[in-house]
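Shown here: model-v1.txt, compact mmCIF, C-alpha atoms.
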# COMPACT_ATOMS: atom_id res chain seq x y z
CA MET A 1 1.59 -17.41 43.22
CA ALA A 2 -1.87 -16.60 44.50
CA GLY A 3 -2.24 -19.22 47.19
CA ALA A 4 -3.48 -22.30 45.32
CA THR A 5 -2.57 -25.79 46.53
CA LEU A 6 -0.56 -27.89 44.08
CA GLY A 7 -2.44 -30.90 42.76
CA SER A 8 -5.84 -29.60 43.86
CA LYS A 9 -8.98 -30.03 41.78
CA ALA A 10 -11.75 -27.56 41.08
CA ILE A 11 -14.60 -28.09 43.52
CA VAL A 12 -16.25 -24.70 43.84
CA VAL A 13 -17.02 -24.39 40.13
CA PRO A 14 -18.96 -27.70 39.92
CA ALA A 15 -20.75 -26.84 43.16
CA LEU A 16 -21.85 -23.48 41.76
CA ILE A 17 -23.06 -25.11 38.56
CA VAL A 18 -25.07 -27.64 40.55
CA ALA A 19 -26.59 -24.84 42.65
CA ASN A 20 -27.68 -22.98 39.51
CA LEU A 21 -29.11 -26.16 37.98
CA VAL A 22 -31.07 -26.94 41.14
CA VAL A 23 -32.55 -23.44 41.29
CA PHE A 24 -33.49 -23.64 37.61
CA ALA A 25 -35.14 -27.02 38.14
CA ILE A 26 -37.19 -25.60 41.02
CA THR A 27 -38.38 -22.62 38.99
CA ALA A 28 -39.22 -24.83 36.00
CA ALA A 29 -41.17 -27.22 38.22
CA GLN A 30 -43.06 -24.40 39.90
CA ALA A 31 -43.93 -22.82 36.56
CA SER A 32 -44.64 -26.21 34.94
CA ASP A 33 -42.72 -24.86 31.98
CA VAL A 34 -39.01 -25.14 31.22
CA LEU A 35 -39.02 -22.33 28.68
CA GLU A 36 -41.06 -19.90 30.80
CA ASN A 37 -39.68 -20.76 34.21
CA PHE A 38 -39.70 -17.04 35.06
CA ARG A 39 -43.40 -17.46 35.85
CA SER A 40 -42.54 -19.39 39.02
CA PRO A 41 -43.09 -17.89 42.50
CA LEU A 42 -39.41 -18.33 43.38
CA PHE A 43 -38.41 -16.27 40.34
CA GLY A 44 -40.68 -13.47 41.50
CA GLN A 45 -39.20 -13.64 45.00
CA TRP A 46 -35.54 -13.67 43.94
CA THR A 47 -35.22 -11.54 40.81
CA LEU A 48 -33.43 -8.19 41.06
CA TRP A 49 -36.02 -5.39 40.91
CA PRO A 50 -34.59 -2.09 42.24
CA PRO A 51 -37.76 -0.65 43.84
CA ILE A 52 -38.37 -3.88 45.78
CA VAL A 53 -34.73 -4.09 46.82
CA ALA A 54 -35.08 -0.54 48.14
CA GLY A 55 -38.20 -1.69 49.97
CA GLY A 56 -36.09 -3.99 52.12
CA GLU A 57 -35.53 -7.14 50.06
CA TRP A 58 -31.77 -6.66 49.79
CA TRP A 59 -31.11 -10.36 49.23
CA ARG A 60 -32.32 -10.05 45.65
CA VAL A 61 -28.90 -8.58 44.74
CA LEU A 62 -27.49 -12.03 45.59
CA THR A 63 -30.28 -14.45 44.74
CA SER A 64 -30.87 -13.00 41.26
CA GLY A 65 -27.46 -14.36 40.31
CA PHE A 66 -28.81 -17.91 40.55
CA LEU A 67 -31.86 -17.37 38.33
CA HIS A 68 -31.97 -17.84 34.56
CA TYR A 69 -34.54 -17.10 31.88
CA GLY A 70 -34.93 -20.47 30.20
CA PRO A 71 -32.48 -23.30 29.41
CA LEU A 72 -30.44 -21.40 26.80
CA HIS A 73 -29.64 -18.58 29.23
CA LEU A 74 -28.68 -21.17 31.85
CA ALA A 75 -26.57 -23.24 29.45
CA MET A 76 -24.58 -20.26 28.18
CA ASN A 77 -23.72 -19.02 31.65
CA MET A 78 -22.88 -22.47 33.04
CA LEU A 79 -20.68 -23.28 30.04
CA ALA A 80 -18.80 -20.01 30.54
CA LEU A 81 -18.49 -20.69 34.28
CA TRP A 82 -17.09 -24.15 33.57
CA ILE A 83 -14.59 -22.98 30.95
CA LEU A 84 -13.37 -19.88 32.79
CA GLY A 85 -13.81 -20.92 36.37
CA ARG A 86 -11.74 -24.08 36.58
CA ASP A 87 -8.40 -22.49 35.71
CA ILE A 88 -9.02 -19.49 37.93
CA GLU A 89 -10.02 -21.71 40.86
CA LEU A 90 -6.82 -23.72 40.45
CA LEU A 91 -4.79 -20.51 40.30
CA LEU A 92 -6.37 -18.77 43.30
CA GLY A 93 -7.44 -21.67 45.45
CA ARG A 94 -10.99 -22.49 46.50
CA LEU A 95 -11.66 -19.85 49.13
CA ARG A 96 -10.13 -17.03 47.11
CA PHE A 97 -11.99 -18.14 44.00
CA PHE A 98 -15.28 -18.22 45.89
CA ALA A 99 -14.59 -14.72 47.20
CA LEU A 100 -13.90 -13.54 43.64
CA TYR A 101 -17.10 -15.12 42.34
CA ALA A 102 -19.23 -13.78 45.19
CA LEU A 103 -17.87 -10.23 44.92
CA SER A 104 -18.34 -10.25 41.13
CA LEU A 105 -21.92 -11.44 41.54
CA ILE A 106 -22.59 -8.66 44.05
CA GLY A 107 -20.83 -6.13 41.84
CA GLY A 108 -23.00 -7.03 38.87
CA GLY A 109 -26.20 -6.85 40.89
CA LEU A 110 -25.19 -3.63 42.56
CA ALA A 111 -24.43 -1.95 39.22
CA VAL A 112 -28.00 -2.71 38.17
CA TYR A 113 -29.31 -1.42 41.50
CA LEU A 114 -27.27 1.77 41.22
CA PHE A 115 -27.91 2.64 37.59
CA GLY A 116 -30.57 0.27 36.23
CA ALA A 117 -34.12 1.03 35.14
CA MET A 118 -36.78 1.00 37.82
CA ASP A 119 -39.23 -0.99 35.72
CA THR A 120 -36.97 -3.86 34.58
CA PRO A 121 -36.25 -7.11 36.47
CA VAL A 122 -32.77 -8.61 36.05
CA ALA A 123 -31.52 -12.13 36.69
CA GLY A 124 -28.58 -14.30 35.72
CA ALA A 125 -25.06 -15.35 36.65
CA SER A 126 -23.44 -13.25 33.92
CA GLY A 127 -22.22 -10.58 36.33
CA ALA A 128 -20.21 -13.21 38.18
CA VAL A 129 -19.05 -14.79 34.91
CA PHE A 130 -17.84 -11.42 33.63
CA GLY A 131 -16.01 -11.03 36.93
CA LEU A 132 -14.15 -14.23 36.08
CA MET A 133 -13.31 -12.79 32.65
CA GLY A 134 -11.91 -9.70 34.30
CA GLY A 135 -9.96 -11.90 36.69
CA LEU A 136 -8.59 -13.97 33.84
CA VAL A 137 -7.38 -10.85 32.02
CA VAL A 138 -5.54 -9.70 35.16
CA ALA A 139 -4.02 -13.16 35.70
CA VAL A 140 -2.79 -13.30 32.08
CA LEU A 141 -1.14 -9.91 32.50
CA ARG A 142 0.44 -10.95 35.79
CA LEU A 143 1.80 -14.20 34.36
CA LYS A 144 2.90 -12.41 31.16
CA LEU A 145 1.11 -14.92 28.96
CA ASN A 146 -0.22 -14.48 25.45
CA GLY A 147 -3.69 -13.18 26.19
CA THR A 148 -4.99 -12.74 22.65
CA GLN A 149 -7.74 -15.34 23.03
CA VAL A 150 -8.82 -13.90 26.37
CA TYR A 151 -8.96 -10.35 25.04
CA VAL A 152 -10.94 -11.45 21.98
CA LEU A 153 -13.36 -13.40 24.17
CA LEU A 154 -13.91 -10.38 26.40
CA ALA A 155 -14.31 -8.01 23.45
CA VAL A 156 -16.84 -10.29 21.74
CA ASN A 157 -18.89 -10.63 24.92
CA LEU A 158 -18.89 -6.88 25.49
CA ILE A 159 -20.04 -6.31 21.90
CA ILE A 160 -22.82 -8.85 22.41
CA SER A 161 -23.80 -7.11 25.65
CA VAL A 162 -24.14 -3.80 23.83
CA GLY A 163 -25.63 -5.02 20.57
CA ILE A 164 -28.27 -7.55 21.63
CA PRO A 165 -31.46 -6.35 23.35
CA GLY A 166 -32.44 -8.05 26.60
CA ILE A 167 -28.92 -8.28 28.03
CA SER A 168 -27.89 -6.35 31.12
CA LEU A 169 -24.77 -4.42 30.13
CA LEU A 170 -24.69 -2.81 33.58
CA GLY A 171 -24.61 -6.20 35.29
CA HIS A 172 -21.81 -7.35 33.03
CA LEU A 173 -19.69 -4.25 33.54
CA GLY A 174 -20.23 -4.23 37.29
CA GLY A 175 -19.08 -7.82 37.59
CA LEU A 176 -16.16 -7.26 35.22
CA ILE A 177 -14.80 -4.29 37.14
CA VAL A 178 -15.18 -5.84 40.59
CA GLY A 179 -13.71 -9.15 39.42
CA ALA A 180 -10.69 -7.44 37.89
CA LEU A 181 -10.05 -5.35 41.01
CA CYS A 182 -10.37 -8.37 43.27
CA THR A 183 -7.94 -10.39 41.16
CA VAL A 184 -5.41 -7.56 41.15
CA GLY A 185 -5.27 -7.84 44.92
CA MET A 186 -5.01 -11.62 44.68
CA VAL A 187 -2.22 -12.06 42.11
CA PHE A 188 -0.14 -8.93 42.73
CA ALA A 189 0.04 -9.38 46.51
CA PRO A 190 3.65 -9.47 47.75
CA PRO A 191 4.70 -12.96 48.91
CA ARG A 192 5.56 -11.90 52.46
CA ARG A 193 2.17 -10.31 53.07
CA ARG A 194 0.14 -12.27 50.55
CA ALA A 195 -2.76 -13.33 52.77
CA VAL A 196 -3.08 -9.90 54.39
CA VAL A 197 -3.21 -8.08 51.05
CA GLN A 198 -5.48 -10.63 49.41
CA TRP A 199 -8.11 -10.75 52.14
CA GLY A 200 -7.69 -7.06 52.78
CA THR A 201 -8.66 -6.50 49.13
CA VAL A 202 -11.70 -8.74 49.53
CA ALA A 203 -12.77 -6.96 52.71
CA GLY A 204 -12.18 -3.52 51.21
CA LEU A 205 -14.24 -4.27 48.11
CA LEU A 206 -17.03 -5.75 50.20
CA VAL A 207 -17.15 -2.67 52.42
CA LEU A 208 -17.22 -0.42 49.36
CA LEU A 209 -20.04 -2.39 47.75
CA VAL A 210 -22.09 -2.39 50.95
CA ALA A 211 -21.55 1.35 51.35
CA LEU A 212 -22.70 1.99 47.77
CA PHE A 213 -25.74 -0.18 48.40
CA PHE A 214 -26.78 1.88 51.41
CA VAL A 215 -26.25 5.14 49.52
CA ARG A 216 -28.52 3.95 46.72
CA ASP A 217 -30.96 2.48 49.23
CA ALA A 218 -31.28 5.89 50.88
CA GLN A 219 -31.86 7.55 47.49
CA LEU A 220 -34.67 5.12 46.64
CA GLY A 221 -36.13 5.00 50.12
CA GLU A 222 -39.11 7.10 49.08
CA PHE A 223 -39.15 6.12 45.42
CA GLN A 224 -42.52 6.49 43.71
CA CYS A 225 -43.38 5.06 40.31
CA PRO A 226 -44.17 7.65 37.64
CA THR A 227 -47.80 7.76 36.52
CA ASN A 228 -48.83 4.90 34.22
CA GLN A 229 -45.55 3.04 34.77
CA THR A 230 -45.19 -0.44 36.25
CA CYS A 231 -42.39 -0.58 38.80
CA TYR A 232 -43.11 -3.92 40.44
CA PRO A 233 -43.10 -7.38 38.93
CA VAL A 234 -46.44 -8.92 38.04
CA SER A 235 -47.30 -12.59 37.65
CA GLY A 236 -45.88 -13.94 34.43
CA SER A 237 -43.70 -10.93 33.62
CA GLY A 238 -40.48 -11.40 31.72
CA GLY A 239 -37.30 -9.42 32.11
CA ILE A 240 -33.69 -8.88 31.28
CA GLY A 241 -31.14 -11.65 31.53
CA ALA A 242 -27.75 -10.88 32.95

This structure in structure tokens:
Amino acid sequence: MAGATLGSKAIVVPALIVANLVVFAITAAQASDVLENFRSPLFGQWTLWPPIVAGGEWWRVLTSGFLHYGPLHLAMNMLALWILGRDIELLLGRLRFFALYALSLIGGGLAVYLFGAMDTPVAGASGAVFGLMGGLVVAVLRLKLNGTQVYVLLAVNLIISVGIPGISLLGHLGGLIVGALCTVGMVFAPPRRRAVVQWGTVAGLLVLLVALFFVRDAQLGEFQCPTNQTCYPVSGSGGIGA
């Protein structure tokens, strides 16, 4: 329906999990502490901090999605990626799934950049994971399946995002919305023009996200921290997990 190859196996999902594990191992080794790996230099260089992103370090919108605050944060996100990602990868195919994941990751980071606090660092793969949740909801609707479990899972995670301090609701919502929109283009594309519509959706969302980034970048171009407020990360600082 969406371009997957019959009999294929999930490859992108395990590769993404390995990438996240490797980055976590590097940060833990640098910090000499598994629980406080956020003290590592790499964490400081990759975390999403809006004023620094506006200062030219745009890659933080992407790299922050591979950082995690401690093993529990990592385990929760990787478990969700494994459970949600495999079925979606098999449905969409590897390239389309990777595009969905990447756009959701960017969408989550961009939501933080657009609307997040200037004094709070954000990191985590949850924006991309929520994008997969949004994609799964769309796929269930398209296939006319019983989606009760999916809807409950999404509702519970949204409640957790709102109710528990230290979780980036903006990152979750940004990924959710972008992931759902991307999947709409993937699974509702007409058969005769499937590839054109699917990749046109990917390209259109990417252009929109880049445009929003530059708009926000221009707004923060001359950003100044208010008096007595820390707007840049300091050695050993914690932050918000996405």

Nearest residue to Leu141 (chain A) from the set A:Leu114, A:Leu206, A:Val184, A:Ala80 (distances using all atoms listed in the file):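 Smallest distance to Leu141 (chain A) is found for A:Val184.
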
Residues within 9 Å of Gly65 (chain A), all atoms listed in the file, excluding chain neighbours under 2 positions, as a short mmCIF file (atom, residue, chain, number, x, y, z; two decimals) with C-alpha atoms, in the coordinates of the input:
data_model
loop_
_atom_site.label_atom_id
_atom_site.label_comp_id
_atom_site.auth_asym_id
_atom_site.auth_seq_id
_atom_site.Cartn_x
_atom_site.Cartn_y
_atom_site.Cartn_z
CA ASN A 20 -27.68 -22.98 39.51
CA TRP A 46 -35.54 -13.67 43.94
CA THR A 47 -35.22 -11.54 40.81
CA LEU A 48 -33.43 -8.19 41.06
CA ARG A 60 -32.32 -10.05 45.65
CA VAL A 61 -28.90 -8.58 44.74
CA LEU A 62 -27.49 -12.03 45.59
CA THR A 63 -30.28 -14.45 44.74
CA LEU A 67 -31.86 -17.37 38.33
CA HIS A 68 -31.97 -17.84 34.56
CA LEU A 105 -21.92 -11.44 41.54
CA ILE A 106 -22.59 -8.66 44.05
CA GLY A 108 -23.00 -7.03 38.87
CA GLY A 109 -26.20 -6.85 40.89
CA VAL A 122 -32.77 -8.61 36.05
CA ALA A 123 -31.52 -12.13 36.69
CA GLY A 124 -28.58 -14.30 35.72
CA ALA A 125 -25.06 -15.35 36.65
CA SER A 126 -23.44 -13.25 33.92
CA GLY A 127 -22.22 -10.58 36.33
CA ALA A 128 -20.21 -13.21 38.18
CA ALA A 242 -27.75 -10.88 32.95
#

Protein, DNA and RNA residues within 12 Å of (-4.4, -16.4, 47.8), only C-alpha atoms, as a PyMOL selection string: chain A and resi 1-5+88-100+182-202

CA of Leu132 (chain A) to CA of Tyr101 (chain A), distance in Å rounded to a single decimal: 7.0 Å

Point-to-point distance in Å for CA of Leu103 (chain A) and CA of Ala180 (chain A):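 Computing it gives 10.4 Å between the two atoms.
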
Separation of CA of Leu42 (chain A) from CA of Gly116 (chain A) in Å: 21.8 Å

Proximity to Leu209 (chain A) - best of A:Ala117, A:Gly147, A:Leu170, A:Gly107, only C-alpha atoms: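 Of A:Ala117, A:Gly147, A:Leu170, A:Gly107, the one nearest Leu209 (chain A) is A:Gly107, counting only C-alpha atoms.
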
Best match for closeness to Leu136 (chain A) among A:Ala29, A:Ile164, A:Ile83, A:Val112, counting all atoms listed in the file: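 Of all the options, A:Ile83 lies closest to Leu136 (chain A).
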
Which of A:Pro121, A:Gly179, A:Gly85, A:Pro71 sits closest to Gly166 (chain A) [using only C-alpha atoms]: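 Looking only at the distances to Gly166 (chain A), the closest residue turns out to be A:Pro121.
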
Residue nearest Pro41 (chain A) - candidates A:Gly55, A:Leu143, A:Leu181, A:Ile26, atoms counted: only C-alpha atoms: A:Ile26

Best match for closeness to Asp217 (chain A) among A:Leu21, A:Ile52, A:Leu158, A:Leu205, counting only C-alpha atoms: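 Of A:Leu21, A:Ile52, A:Leu158, A:Leu205, the one nearest Asp217 (chain A), counting only C-alpha atoms, is A:Ile52.
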
For Gly70 (chain A): contacts at 7 Å, only C-alpha atoms, fewer than 6 positions along chain excluded, given as a list in words: Val34, Leu35, Glu36 and Asn37 of chain A
